[in-house]
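Below is the file target.cif, which contains mmCIF, N, CA and C atoms.
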data_target
#
loop_
_atom_site.label_atom_id
_atom_site.label_comp_id
_atom_site.auth_asym_id
_atom_site.auth_seq_id
_atom_site.Cartn_x
_atom_site.Cartn_y
_atom_site.Cartn_z
N MET R 1 74.00 -25.23 -154.94
CA MET R 1 74.53 -24.12 -154.20
C MET R 1 74.34 -24.34 -152.70
N LYS R 2 73.18 -24.92 -152.32
CA LYS R 2 72.92 -25.19 -150.91
C LYS R 2 73.92 -26.21 -150.38
N LYS R 3 74.33 -27.15 -151.25
CA LYS R 3 75.29 -28.17 -150.85
C LYS R 3 76.61 -27.53 -150.43
N TYR R 4 77.03 -26.53 -151.18
CA TYR R 4 78.30 -25.87 -150.88
C TYR R 4 78.24 -25.10 -149.56
N PHE R 5 77.13 -24.41 -149.31
CA PHE R 5 76.99 -23.70 -148.05
C PHE R 5 76.93 -24.67 -146.87
N LEU R 6 76.23 -25.77 -147.08
CA LEU R 6 76.14 -26.78 -146.03
C LEU R 6 77.52 -27.38 -145.76
N LEU R 7 78.26 -27.70 -146.82
CA LEU R 7 79.60 -28.25 -146.69
C LEU R 7 80.53 -27.23 -146.04
N LEU R 8 80.46 -25.99 -146.44
CA LEU R 8 81.28 -24.93 -145.86
C LEU R 8 80.94 -24.74 -144.38
N GLY R 9 79.67 -24.79 -144.06
CA GLY R 9 79.24 -24.64 -142.66
C GLY R 9 79.77 -25.79 -141.81
N CYS R 10 79.72 -27.02 -142.34
CA CYS R 10 80.23 -28.18 -141.61
C CYS R 10 81.73 -28.07 -141.39
N LEU R 11 82.45 -27.66 -142.42
CA LEU R 11 83.90 -27.51 -142.30
C LEU R 11 84.26 -26.43 -141.27
N CYS R 12 83.54 -25.32 -141.28
CA CYS R 12 83.80 -24.26 -140.30
C CYS R 12 83.53 -24.76 -138.88
N PHE R 13 82.43 -25.50 -138.73
CA PHE R 13 82.07 -26.04 -137.42
C PHE R 13 83.14 -27.00 -136.93
N LEU R 14 83.59 -27.91 -137.80
CA LEU R 14 84.63 -28.87 -137.42
C LEU R 14 85.95 -28.17 -137.11
N GLY R 15 86.27 -27.16 -137.90
CA GLY R 15 87.49 -26.40 -137.64
C GLY R 15 87.42 -25.68 -136.31
N PHE R 16 86.26 -25.13 -135.99
CA PHE R 16 86.08 -24.46 -134.70
C PHE R 16 86.20 -25.45 -133.56
N GLN R 17 85.59 -26.62 -133.70
CA GLN R 17 85.64 -27.63 -132.65
C GLN R 17 87.08 -28.10 -132.44
N THR R 18 87.79 -28.37 -133.52
CA THR R 18 89.17 -28.83 -133.42
C THR R 18 90.04 -27.77 -132.78
N ASN R 19 89.85 -26.52 -133.18
CA ASN R 19 90.64 -25.43 -132.64
C ASN R 19 90.35 -25.23 -131.15
N SER R 20 89.08 -25.27 -130.77
CA SER R 20 88.77 -25.06 -129.36
C SER R 20 89.25 -26.25 -128.53
N TYR R 21 89.21 -27.46 -129.10
CA TYR R 21 89.73 -28.63 -128.38
C TYR R 21 91.23 -28.50 -128.20
N GLY R 22 91.93 -28.11 -129.26
CA GLY R 22 93.38 -27.94 -129.18
C GLY R 22 93.76 -26.87 -128.17
N GLN R 23 92.98 -25.78 -128.13
CA GLN R 23 93.27 -24.72 -127.16
C GLN R 23 93.05 -25.21 -125.74
N SER R 24 91.99 -25.99 -125.53
CA SER R 24 91.73 -26.43 -124.16
C SER R 24 92.80 -27.40 -123.70
N VAL R 25 93.33 -28.19 -124.60
CA VAL R 25 94.38 -29.13 -124.21
C VAL R 25 95.70 -28.39 -124.03
N ASN R 26 96.03 -27.50 -124.97
CA ASN R 26 97.32 -26.81 -124.92
C ASN R 26 97.36 -25.74 -123.85
N SER R 27 96.23 -25.11 -123.57
CA SER R 27 96.26 -24.04 -122.59
C SER R 27 95.81 -24.53 -121.23
N GLY R 28 95.99 -25.79 -120.96
CA GLY R 28 95.60 -26.37 -119.68
C GLY R 28 96.60 -26.07 -118.60
N GLU R 29 96.86 -24.80 -118.37
CA GLU R 29 97.86 -24.40 -117.38
C GLU R 29 97.53 -24.93 -115.99
N VAL R 30 96.27 -24.95 -115.65
CA VAL R 30 95.88 -25.42 -114.33
C VAL R 30 96.23 -26.90 -114.20
N LEU R 31 95.97 -27.68 -115.26
CA LEU R 31 96.29 -29.11 -115.22
C LEU R 31 97.79 -29.34 -115.20
N ASN R 32 98.52 -28.58 -115.99
CA ASN R 32 99.96 -28.79 -116.06
C ASN R 32 100.69 -28.34 -114.80
N ASN R 33 100.18 -27.34 -114.13
CA ASN R 33 100.85 -26.84 -112.94
C ASN R 33 100.47 -27.59 -111.67
N SER R 34 99.39 -28.35 -111.74
CA SER R 34 99.02 -29.12 -110.55
C SER R 34 99.93 -30.33 -110.44
N ASN R 35 99.89 -30.96 -109.29
CA ASN R 35 100.74 -32.14 -109.06
C ASN R 35 100.32 -33.25 -110.00
N ALA R 36 101.30 -33.96 -110.50
CA ALA R 36 101.03 -35.09 -111.36
C ALA R 36 100.38 -36.19 -110.53
N PRO R 37 99.66 -37.12 -111.19
CA PRO R 37 99.05 -38.21 -110.43
C PRO R 37 100.10 -38.98 -109.65
N GLY R 38 99.79 -39.27 -108.42
CA GLY R 38 100.72 -40.02 -107.59
C GLY R 38 101.71 -39.16 -106.83
N GLN R 39 101.65 -37.85 -107.03
CA GLN R 39 102.59 -36.99 -106.32
C GLN R 39 101.82 -36.05 -105.40
N ILE R 40 102.24 -35.99 -104.17
CA ILE R 40 101.61 -35.14 -103.19
C ILE R 40 102.67 -34.16 -102.71
N SER R 41 102.38 -32.89 -102.81
CA SER R 41 103.36 -31.89 -102.38
C SER R 41 103.17 -31.59 -100.90
N THR R 42 104.26 -31.71 -100.14
CA THR R 42 104.22 -31.38 -98.72
C THR R 42 105.37 -30.45 -98.42
N ASP R 43 105.04 -29.23 -98.02
CA ASP R 43 106.03 -28.20 -97.73
C ASP R 43 107.06 -28.12 -98.86
N SER R 44 108.33 -28.41 -98.56
CA SER R 44 109.36 -28.32 -99.58
C SER R 44 109.73 -29.70 -100.12
N LYS R 45 109.21 -30.77 -99.53
CA LYS R 45 109.54 -32.12 -99.98
C LYS R 45 108.37 -32.68 -100.77
N GLU R 46 108.67 -33.51 -101.74
CA GLU R 46 107.63 -34.16 -102.52
C GLU R 46 107.64 -35.65 -102.24
N ILE R 47 106.45 -36.19 -102.00
CA ILE R 47 106.32 -37.63 -101.83
C ILE R 47 105.87 -38.18 -103.18
N LYS R 48 106.60 -39.15 -103.70
CA LYS R 48 106.32 -39.68 -105.02
C LYS R 48 105.99 -41.16 -104.94
N GLU R 49 105.12 -41.62 -105.85
CA GLU R 49 104.86 -43.04 -105.99
C GLU R 49 105.81 -43.57 -107.05
N LEU R 50 106.64 -44.50 -106.65
CA LEU R 50 107.65 -45.03 -107.55
C LEU R 50 107.68 -46.55 -107.45
N SER R 51 108.50 -47.16 -108.26
CA SER R 51 108.69 -48.61 -108.15
C SER R 51 110.18 -48.92 -108.03
N PHE R 52 110.46 -50.03 -107.36
CA PHE R 52 111.82 -50.46 -107.12
C PHE R 52 111.87 -51.96 -107.34
N SER R 53 112.72 -52.42 -108.25
CA SER R 53 112.81 -53.84 -108.57
C SER R 53 113.84 -54.51 -107.67
N LEU R 54 113.41 -55.61 -107.07
CA LEU R 54 114.34 -56.42 -106.29
C LEU R 54 114.99 -57.49 -107.16
N GLY R 55 114.54 -57.63 -108.38
CA GLY R 55 115.13 -58.58 -109.31
C GLY R 55 114.46 -59.94 -109.27
N GLU R 56 115.13 -60.92 -109.87
CA GLU R 56 114.61 -62.28 -109.93
C GLU R 56 115.18 -63.12 -108.80
N PHE R 57 114.38 -64.08 -108.37
CA PHE R 57 114.76 -65.01 -107.31
C PHE R 57 114.53 -66.43 -107.80
N THR R 58 115.48 -67.29 -107.61
CA THR R 58 115.32 -68.72 -107.88
C THR R 58 115.71 -69.45 -106.60
N THR R 59 114.72 -69.99 -105.91
CA THR R 59 114.97 -70.63 -104.63
C THR R 59 114.39 -72.05 -104.62
N PRO R 60 115.02 -72.95 -103.88
CA PRO R 60 114.43 -74.29 -103.75
C PRO R 60 113.20 -74.22 -102.86
N SER R 61 112.23 -75.08 -103.15
CA SER R 61 111.02 -75.10 -102.33
C SER R 61 111.23 -75.97 -101.09
N LYS R 62 110.25 -75.96 -100.23
CA LYS R 62 110.31 -76.74 -99.00
C LYS R 62 109.99 -78.23 -99.25
N ASP R 63 109.52 -78.55 -100.45
CA ASP R 63 109.17 -79.93 -100.79
C ASP R 63 110.38 -80.84 -100.70
N GLU R 64 110.11 -82.12 -100.50
CA GLU R 64 111.21 -83.10 -100.46
C GLU R 64 111.79 -83.31 -101.85
N ALA R 65 110.96 -83.28 -102.86
CA ALA R 65 111.45 -83.41 -104.24
C ALA R 65 112.18 -82.11 -104.62
N LEU R 66 113.05 -82.23 -105.59
CA LEU R 66 113.84 -81.07 -106.00
C LEU R 66 113.00 -80.18 -106.93
N HIS R 67 112.40 -79.13 -106.36
CA HIS R 67 111.62 -78.15 -107.11
C HIS R 67 112.15 -76.76 -106.80
N TYR R 68 112.00 -75.89 -107.79
CA TYR R 68 112.44 -74.51 -107.62
C TYR R 68 111.29 -73.56 -107.87
N ILE R 69 111.32 -72.44 -107.17
CA ILE R 69 110.36 -71.35 -107.38
C ILE R 69 111.15 -70.18 -107.92
N LYS R 70 110.71 -69.67 -109.07
CA LYS R 70 111.38 -68.52 -109.66
C LYS R 70 110.36 -67.38 -109.77
N VAL R 71 110.68 -66.25 -109.15
CA VAL R 71 109.80 -65.09 -109.18
C VAL R 71 110.62 -63.82 -109.44
N GLU R 72 109.93 -62.83 -109.92
CA GLU R 72 110.49 -61.48 -110.02
C GLU R 72 109.65 -60.60 -109.11
N VAL R 73 110.28 -59.77 -108.30
CA VAL R 73 109.56 -58.95 -107.32
C VAL R 73 109.84 -57.47 -107.57
N VAL R 74 108.76 -56.70 -107.66
CA VAL R 74 108.85 -55.25 -107.82
C VAL R 74 107.99 -54.61 -106.73
N MET R 75 108.56 -53.64 -106.03
CA MET R 75 107.84 -52.91 -104.99
C MET R 75 107.36 -51.58 -105.55
N GLU R 76 106.08 -51.29 -105.37
CA GLU R 76 105.59 -49.94 -105.62
C GLU R 76 105.51 -49.26 -104.27
N TYR R 77 106.15 -48.10 -104.16
CA TYR R 77 106.24 -47.44 -102.87
C TYR R 77 105.98 -45.95 -103.01
N GLU R 78 105.78 -45.35 -101.87
CA GLU R 78 105.57 -43.91 -101.79
C GLU R 78 106.62 -43.37 -100.83
N GLY R 79 107.38 -42.39 -101.27
CA GLY R 79 108.41 -41.86 -100.40
C GLY R 79 109.15 -40.70 -101.03
N ILE R 80 110.07 -40.18 -100.29
CA ILE R 80 110.82 -39.01 -100.73
C ILE R 80 111.98 -39.40 -101.63
N ASN R 81 112.73 -40.45 -101.25
CA ASN R 81 113.82 -40.93 -102.10
C ASN R 81 113.97 -42.44 -101.91
N ASP R 82 114.79 -43.04 -102.75
CA ASP R 82 114.96 -44.50 -102.71
C ASP R 82 116.30 -44.93 -102.12
N GLU R 83 116.99 -44.04 -101.46
CA GLU R 83 118.29 -44.39 -100.87
C GLU R 83 118.21 -45.55 -99.88
N PRO R 84 117.23 -45.57 -98.96
CA PRO R 84 117.15 -46.71 -98.04
C PRO R 84 116.93 -48.04 -98.78
N LEU R 85 116.21 -47.99 -99.89
CA LEU R 85 115.98 -49.20 -100.67
C LEU R 85 117.27 -49.68 -101.33
N LYS R 86 118.01 -48.76 -101.91
CA LYS R 86 119.27 -49.12 -102.57
C LYS R 86 120.30 -49.64 -101.56
N ARG R 87 120.39 -48.96 -100.41
CA ARG R 87 121.36 -49.37 -99.39
C ARG R 87 121.08 -50.76 -98.83
N ASN R 88 119.81 -51.11 -98.70
CA ASN R 88 119.42 -52.36 -98.04
C ASN R 88 118.85 -53.40 -98.99
N LYS R 89 119.14 -53.27 -100.28
CA LYS R 89 118.59 -54.20 -101.26
C LYS R 89 118.97 -55.65 -100.94
N ASP R 90 120.19 -55.88 -100.50
CA ASP R 90 120.61 -57.25 -100.16
C ASP R 90 119.80 -57.83 -99.01
N LYS R 91 119.47 -57.01 -98.03
CA LYS R 91 118.66 -57.48 -96.90
C LYS R 91 117.24 -57.80 -97.33
N PHE R 92 116.69 -56.99 -98.25
CA PHE R 92 115.36 -57.27 -98.78
C PHE R 92 115.36 -58.57 -99.58
N ARG R 93 116.41 -58.77 -100.38
CA ARG R 93 116.52 -60.00 -101.18
C ARG R 93 116.64 -61.22 -100.27
N ASP R 94 117.42 -61.12 -99.20
CA ASP R 94 117.53 -62.23 -98.25
C ASP R 94 116.18 -62.57 -97.63
N ALA R 95 115.41 -61.54 -97.29
CA ALA R 95 114.10 -61.76 -96.68
C ALA R 95 113.15 -62.47 -97.65
N VAL R 96 113.18 -62.07 -98.93
CA VAL R 96 112.32 -62.72 -99.93
C VAL R 96 112.76 -64.16 -100.13
N ASN R 97 114.07 -64.40 -100.22
CA ASN R 97 114.57 -65.77 -100.35
C ASN R 97 114.12 -66.64 -99.18
N THR R 98 114.21 -66.11 -97.98
CA THR R 98 113.80 -66.86 -96.79
C THR R 98 112.31 -67.21 -96.85
N LEU R 99 111.49 -66.24 -97.25
CA LEU R 99 110.05 -66.50 -97.37
C LEU R 99 109.76 -67.58 -98.41
N LEU R 100 110.43 -67.51 -99.55
CA LEU R 100 110.17 -68.47 -100.62
C LEU R 100 110.63 -69.89 -100.26
N MET R 101 111.71 -69.99 -99.50
CA MET R 101 112.24 -71.32 -99.14
C MET R 101 111.39 -72.00 -98.07
N GLN R 102 110.51 -71.26 -97.43
CA GLN R 102 109.68 -71.82 -96.37
C GLN R 102 108.34 -72.34 -96.86
N ILE R 103 108.04 -72.25 -98.16
CA ILE R 103 106.74 -72.70 -98.65
C ILE R 103 106.90 -73.85 -99.64
N THR R 104 105.87 -74.68 -99.70
CA THR R 104 105.86 -75.80 -100.65
C THR R 104 105.37 -75.30 -102.01
N ILE R 105 105.49 -76.15 -103.01
CA ILE R 105 105.05 -75.79 -104.36
C ILE R 105 103.55 -75.51 -104.38
N GLN R 106 102.77 -76.42 -103.78
CA GLN R 106 101.31 -76.24 -103.77
C GLN R 106 100.93 -74.96 -103.03
N GLN R 107 101.58 -74.70 -101.93
CA GLN R 107 101.29 -73.49 -101.17
C GLN R 107 101.69 -72.25 -101.96
N ALA R 108 102.80 -72.32 -102.68
CA ALA R 108 103.26 -71.18 -103.48
C ALA R 108 102.25 -70.86 -104.58
N LYS R 109 101.75 -71.90 -105.25
CA LYS R 109 100.74 -71.68 -106.30
C LYS R 109 99.49 -71.02 -105.73
N LYS R 110 99.00 -71.58 -104.62
CA LYS R 110 97.79 -71.06 -103.98
C LYS R 110 98.00 -69.63 -103.50
N ASP R 111 99.12 -69.39 -102.83
CA ASP R 111 99.40 -68.05 -102.30
C ASP R 111 99.58 -67.02 -103.41
N TYR R 112 100.17 -67.43 -104.53
CA TYR R 112 100.35 -66.51 -105.65
C TYR R 112 99.00 -66.11 -106.23
N ILE R 113 98.13 -67.09 -106.42
CA ILE R 113 96.81 -66.81 -107.00
C ILE R 113 95.97 -65.94 -106.07
N GLU R 114 96.03 -66.22 -104.78
CA GLU R 114 95.21 -65.48 -103.80
C GLU R 114 95.90 -64.21 -103.29
N HIS R 115 97.05 -63.88 -103.82
CA HIS R 115 97.85 -62.70 -103.44
C HIS R 115 98.36 -62.77 -102.00
N ALA R 116 98.32 -63.92 -101.39
CA ALA R 116 98.88 -64.07 -100.04
C ALA R 116 100.41 -63.97 -100.10
N LEU R 117 101.00 -64.44 -101.19
CA LEU R 117 102.45 -64.33 -101.36
C LEU R 117 102.85 -62.86 -101.45
N HIS R 118 102.10 -62.10 -102.23
CA HIS R 118 102.35 -60.66 -102.36
C HIS R 118 102.26 -59.98 -101.00
N ASN R 119 101.19 -60.33 -100.26
CA ASN R 119 100.96 -59.69 -98.96
C ASN R 119 102.03 -60.05 -97.94
N SER R 120 102.48 -61.30 -97.93
CA SER R 120 103.52 -61.68 -96.96
C SER R 120 104.85 -61.01 -97.30
N ILE R 121 105.16 -60.89 -98.58
CA ILE R 121 106.38 -60.17 -98.98
C ILE R 121 106.27 -58.70 -98.60
N GLN R 122 105.11 -58.09 -98.86
CA GLN R 122 104.91 -56.68 -98.54
C GLN R 122 105.03 -56.45 -97.03
N LYS R 123 104.45 -57.32 -96.25
CA LYS R 123 104.51 -57.17 -94.79
C LYS R 123 105.95 -57.23 -94.30
N ARG R 124 106.70 -58.19 -94.82
CA ARG R 124 108.10 -58.34 -94.39
C ARG R 124 108.95 -57.16 -94.85
N MET R 125 108.73 -56.69 -96.07
CA MET R 125 109.49 -55.55 -96.58
C MET R 125 109.20 -54.29 -95.77
N GLN R 126 107.92 -54.10 -95.39
CA GLN R 126 107.57 -52.92 -94.61
C GLN R 126 108.18 -52.99 -93.21
N GLU R 127 108.25 -54.20 -92.64
CA GLU R 127 108.91 -54.36 -91.34
C GLU R 127 110.38 -53.97 -91.43
N LEU R 128 111.03 -54.40 -92.50
CA LEU R 128 112.45 -54.05 -92.67
C LEU R 128 112.61 -52.54 -92.89
N LEU R 129 111.72 -51.95 -93.68
CA LEU R 129 111.81 -50.50 -93.92
C LEU R 129 111.58 -49.71 -92.64
N THR R 130 110.69 -50.18 -91.80
CA THR R 130 110.44 -49.51 -90.52
C THR R 130 111.70 -49.56 -89.65
N GLU R 131 112.43 -50.64 -89.78
CA GLU R 131 113.68 -50.79 -89.02
C GLU R 131 114.79 -49.90 -89.57
N PHE R 132 114.93 -49.85 -90.91
CA PHE R 132 116.04 -49.12 -91.55
C PHE R 132 115.75 -47.64 -91.76
N ALA R 133 114.53 -47.33 -92.14
CA ALA R 133 114.18 -45.94 -92.49
C ALA R 133 112.77 -45.64 -92.01
N PRO R 134 112.58 -45.47 -90.71
CA PRO R 134 111.22 -45.27 -90.20
C PRO R 134 110.56 -44.01 -90.75
N GLY R 135 109.36 -44.18 -91.31
CA GLY R 135 108.58 -43.05 -91.78
C GLY R 135 108.97 -42.47 -93.12
N LEU R 136 110.04 -42.95 -93.75
CA LEU R 136 110.47 -42.36 -95.02
C LEU R 136 109.80 -42.99 -96.24
N ILE R 137 109.53 -44.29 -96.17
CA ILE R 137 108.99 -45.00 -97.32
C ILE R 137 107.84 -45.90 -96.87
N LYS R 138 106.77 -45.89 -97.65
CA LYS R 138 105.65 -46.78 -97.40
C LYS R 138 105.41 -47.61 -98.66
N ILE R 139 105.39 -48.92 -98.51
CA ILE R 139 105.16 -49.80 -99.64
C ILE R 139 103.66 -49.82 -99.94
N LYS R 140 103.31 -49.50 -101.19
CA LYS R 140 101.91 -49.48 -101.60
C LYS R 140 101.44 -50.88 -102.00
N ARG R 141 102.28 -51.58 -102.78
CA ARG R 141 101.94 -52.95 -103.17
C ARG R 141 103.16 -53.64 -103.74
N ILE R 142 103.07 -54.97 -103.77
CA ILE R 142 104.13 -55.80 -104.34
C ILE R 142 103.61 -56.39 -105.64
N LEU R 143 104.40 -56.29 -106.67
CA LEU R 143 104.06 -56.89 -107.96
C LEU R 143 104.98 -58.09 -108.19
N ILE R 144 104.41 -59.15 -108.72
CA ILE R 144 105.19 -60.33 -109.10
C ILE R 144 104.89 -60.58 -110.58
N PRO R 145 105.62 -59.91 -111.48
CA PRO R 145 105.34 -60.04 -112.91
C PRO R 145 105.74 -61.41 -113.47
N ALA R 146 106.67 -62.10 -112.82
CA ALA R 146 107.11 -63.42 -113.30
C ALA R 146 107.01 -64.41 -112.15
N PHE R 147 106.32 -65.53 -112.39
CA PHE R 147 106.16 -66.59 -111.39
C PHE R 147 106.26 -67.92 -112.13
N LEU R 148 107.26 -68.72 -111.77
CA LEU R 148 107.51 -69.97 -112.46
C LEU R 148 107.89 -71.04 -111.45
N ILE R 149 107.33 -72.23 -111.63
CA ILE R 149 107.65 -73.34 -110.75
C ILE R 149 108.27 -74.45 -111.60
N ASN R 150 109.41 -74.98 -111.15
CA ASN R 150 110.09 -76.03 -111.89
C ASN R 150 110.15 -77.26 -111.03
#
Translate the structure described by the file into structure tokens.
Amino acid sequence: MKKYFLLLGCLCFLGFQTNSYGQSVNSGEVLNNSNAPGQISTDSKEIKELSFSLGEFTTPSKDEALHYIKVEVVMEYEGINDEPLKRNKDKFRDAVNTLLMQITIQQAKKDYIEHALHNSIQKRMQELLTEFAPGLIKIKRILIPAFLIN
């Protein structure tokens, strides 16, 4: 008989815990109404953290031998909208191509590992954004999900 009361007590306790956990998650009005991570509300405009893909690049290296560097570049940025990025995507791609064609294979490997490649691309992209859309977009970081040397 004691076993049944103990079992019933455990089940009631677990049911209460599950119910109170479900209520705290479902009734999290304060959490749901606050700004989502990465979003800062300013007056009537919202600044959002987003990403913008510049696509893949296949460029010849600066080496005398015929080698190619293939990378994919994604910008994580903070801004109100991505119109300046869409309008000037070709100029951003030209800048990345120019940067990649100026480095050797050994330098590209070293810079990729040490994130110097990421930083030089980010610096150049931010310079272009300052020229095209001053104060509207800030690049947070550059991601290179694909890096291949042939």
Next item on the list: Please write as a PyMOL selection string the full residue list that the PyMOL selection byres ((chain R and resi 139-150) around 7) yields on this file.
Entry: chain R and resi 66-78+118-119+121-122+126+137-138
Could you save those same residues with N, CA and C atoms as an mmCIF file, in the frame of the given file?
data_model
loop_
_atom_site.group_PDB
_atom_site.id
_atom_site.type_symbol
_atom_site.label_atom_id
_atom_site.label_comp_id
_atom_site.auth_asym_id
_atom_site.auth_seq_id
_atom_site.Cartn_x
_atom_site.Cartn_y
_atom_site.Cartn_z
ATOM 1 N N LEU R 66 113.050 -82.230 -105.590
ATOM 2 C CA LEU R 66 113.840 -81.070 -106.000
ATOM 3 C C LEU R 66 113.000 -80.180 -106.930
ATOM 4 N N HIS R 67 112.400 -79.130 -106.360
ATOM 5 C CA HIS R 67 111.620 -78.150 -107.110
ATOM 6 C C HIS R 67 112.150 -76.760 -106.800
ATOM 7 N N TYR R 68 112.000 -75.890 -107.790
ATOM 8 C CA TYR R 68 112.440 -74.510 -107.620
ATOM 9 C C TYR R 68 111.290 -73.560 -107.870
ATOM 10 N N ILE R 69 111.320 -72.440 -107.170
ATOM 11 C CA ILE R 69 110.360 -71.350 -107.380
ATOM 12 C C ILE R 69 111.150 -70.180 -107.920
ATOM 13 N N LYS R 70 110.710 -69.670 -109.070
ATOM 14 C CA LYS R 70 111.380 -68.520 -109.660
ATOM 15 C C LYS R 70 110.360 -67.380 -109.770
ATOM 16 N N VAL R 71 110.680 -66.250 -109.150
ATOM 17 C CA VAL R 71 109.800 -65.090 -109.180
ATOM 18 C C VAL R 71 110.620 -63.820 -109.440
ATOM 19 N N GLU R 72 109.930 -62.830 -109.920
ATOM 20 C CA GLU R 72 110.490 -61.480 -110.020
ATOM 21 C C GLU R 72 109.650 -60.600 -109.110
ATOM 22 N N VAL R 73 110.280 -59.770 -108.300
ATOM 23 C CA VAL R 73 109.560 -58.950 -107.320
ATOM 24 C C VAL R 73 109.840 -57.470 -107.570
ATOM 25 N N VAL R 74 108.760 -56.700 -107.660
ATOM 26 C CA VAL R 74 108.850 -55.250 -107.820
ATOM 27 C C VAL R 74 107.990 -54.610 -106.730
ATOM 28 N N MET R 75 108.560 -53.640 -106.030
ATOM 29 C CA MET R 75 107.840 -52.910 -104.990
ATOM 30 C C MET R 75 107.360 -51.580 -105.550
ATOM 31 N N GLU R 76 106.080 -51.290 -105.370
ATOM 32 C CA GLU R 76 105.590 -49.940 -105.620
ATOM 33 C C GLU R 76 105.510 -49.260 -104.270
ATOM 34 N N TYR R 77 106.150 -48.100 -104.160
ATOM 35 C CA TYR R 77 106.240 -47.440 -102.870
ATOM 36 C C TYR R 77 105.980 -45.950 -103.010
ATOM 37 N N GLU R 78 105.780 -45.350 -101.870
ATOM 38 C CA GLU R 78 105.570 -43.910 -101.790
ATOM 39 C C GLU R 78 106.620 -43.370 -100.830
ATOM 40 N N HIS R 118 102.100 -62.100 -102.230
ATOM 41 C CA HIS R 118 102.350 -60.660 -102.360
ATOM 42 C C HIS R 118 102.260 -59.980 -101.000
ATOM 43 N N ASN R 119 101.190 -60.330 -100.260
ATOM 44 C CA ASN R 119 100.960 -59.690 -98.960
ATOM 45 C C ASN R 119 102.030 -60.050 -97.940
ATOM 46 N N ILE R 121 105.160 -60.890 -98.580
ATOM 47 C CA ILE R 121 106.380 -60.170 -98.980
ATOM 48 C C ILE R 121 106.270 -58.700 -98.600
ATOM 49 N N GLN R 122 105.110 -58.090 -98.860
ATOM 50 C CA GLN R 122 104.910 -56.680 -98.540
ATOM 51 C C GLN R 122 105.030 -56.450 -97.030
ATOM 52 N N GLN R 126 107.920 -54.100 -95.390
ATOM 53 C CA GLN R 126 107.570 -52.920 -94.610
ATOM 54 C C GLN R 126 108.180 -52.990 -93.210
ATOM 55 N N ILE R 137 109.530 -44.290 -96.170
ATOM 56 C CA ILE R 137 108.990 -45.000 -97.320
ATOM 57 C C ILE R 137 107.840 -45.900 -96.870
ATOM 58 N N LYS R 138 106.770 -45.890 -97.650
ATOM 59 C CA LYS R 138 105.650 -46.780 -97.400
ATOM 60 C C LYS R 138 105.410 -47.610 -98.660
#
Check: Taking (113.0, -73.5, -99.1) in the file's coordinates, which residues come within 6 Å, counting only C-alpha atoms, written as JSON, numbers by chain?
Finding: {"R": [60, 61, 62, 100, 101, 102]}
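With atom C of Glu64 in chain R on one side and CA of Asp94 in chain R on the other, the separation reads 22.1 Å.
Take the candidates R:Thr104, R:Ser120, R:Val96, R:Pro134 and check each one against Asp63 in chain R using only N, CA and C atoms; the shortest distance goes to R:Thr104.
Here CA of Asn88 in chain R is placed at a distance of 27.3 Å from atom N of Lys109 in chain R.
Using only C-alpha atoms, the smallest distance between any of R:Leu54, R:Ile113, R:Ile105, R:Leu136 and Lys86 in chain R comes from R:Leu54.
The two atoms in question, CA of Lys91 in chain R and CA of Arg124 in chain R, are spaced 10.9 Å apart.
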Fewer than 5 positions away in the same chain doesn't count, so skip those; otherwise give me all residues within 8 Å of Ala133 in chain R, counting all atoms listed in the file, as a PDB file with N, CA and C atoms, keeping the file's coordinate frame.
ATOM      1  N   PRO R  84     117.230 -45.570 -98.960  1.00  0.00           N
ATOM      2  CA  PRO R  84     117.150 -46.710 -98.040  1.00  0.00           C
ATOM      3  C   PRO R  84     116.930 -48.040 -98.780  1.00  0.00           C
ATOM      4  N   LEU R  85     116.210 -47.990 -99.890  1.00  0.00           N
ATOM      5  CA  LEU R  85     115.980 -49.200-100.670  1.00  0.00           C
ATOM      6  C   LEU R  85     117.270 -49.680-101.330  1.00  0.00           C
ATOM      7  N   GLU R 127     108.250 -54.200 -92.640  1.00  0.00           N
ATOM      8  CA  GLU R 127     108.910 -54.360 -91.340  1.00  0.00           C
ATOM      9  C   GLU R 127     110.380 -53.970 -91.430  1.00  0.00           C
ATOM     10  N   LEU R 128     111.030 -54.400 -92.500  1.00  0.00           N
ATOM     11  CA  LEU R 128     112.450 -54.050 -92.670  1.00  0.00           C
ATOM     12  C   LEU R 128     112.610 -52.540 -92.890  1.00  0.00           C
TER      13      LEU R 128
END
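Per DSSP on the backbone, strand (DSSP E) in range 61-139 of chain R comprises Tyr68, Ile69, Lys70, Val71, Glu72, Val73, Val74, Met75, Glu76, Tyr77, Glu78, Gly79, Ile137, Lys138 and Ile139 of chain R.
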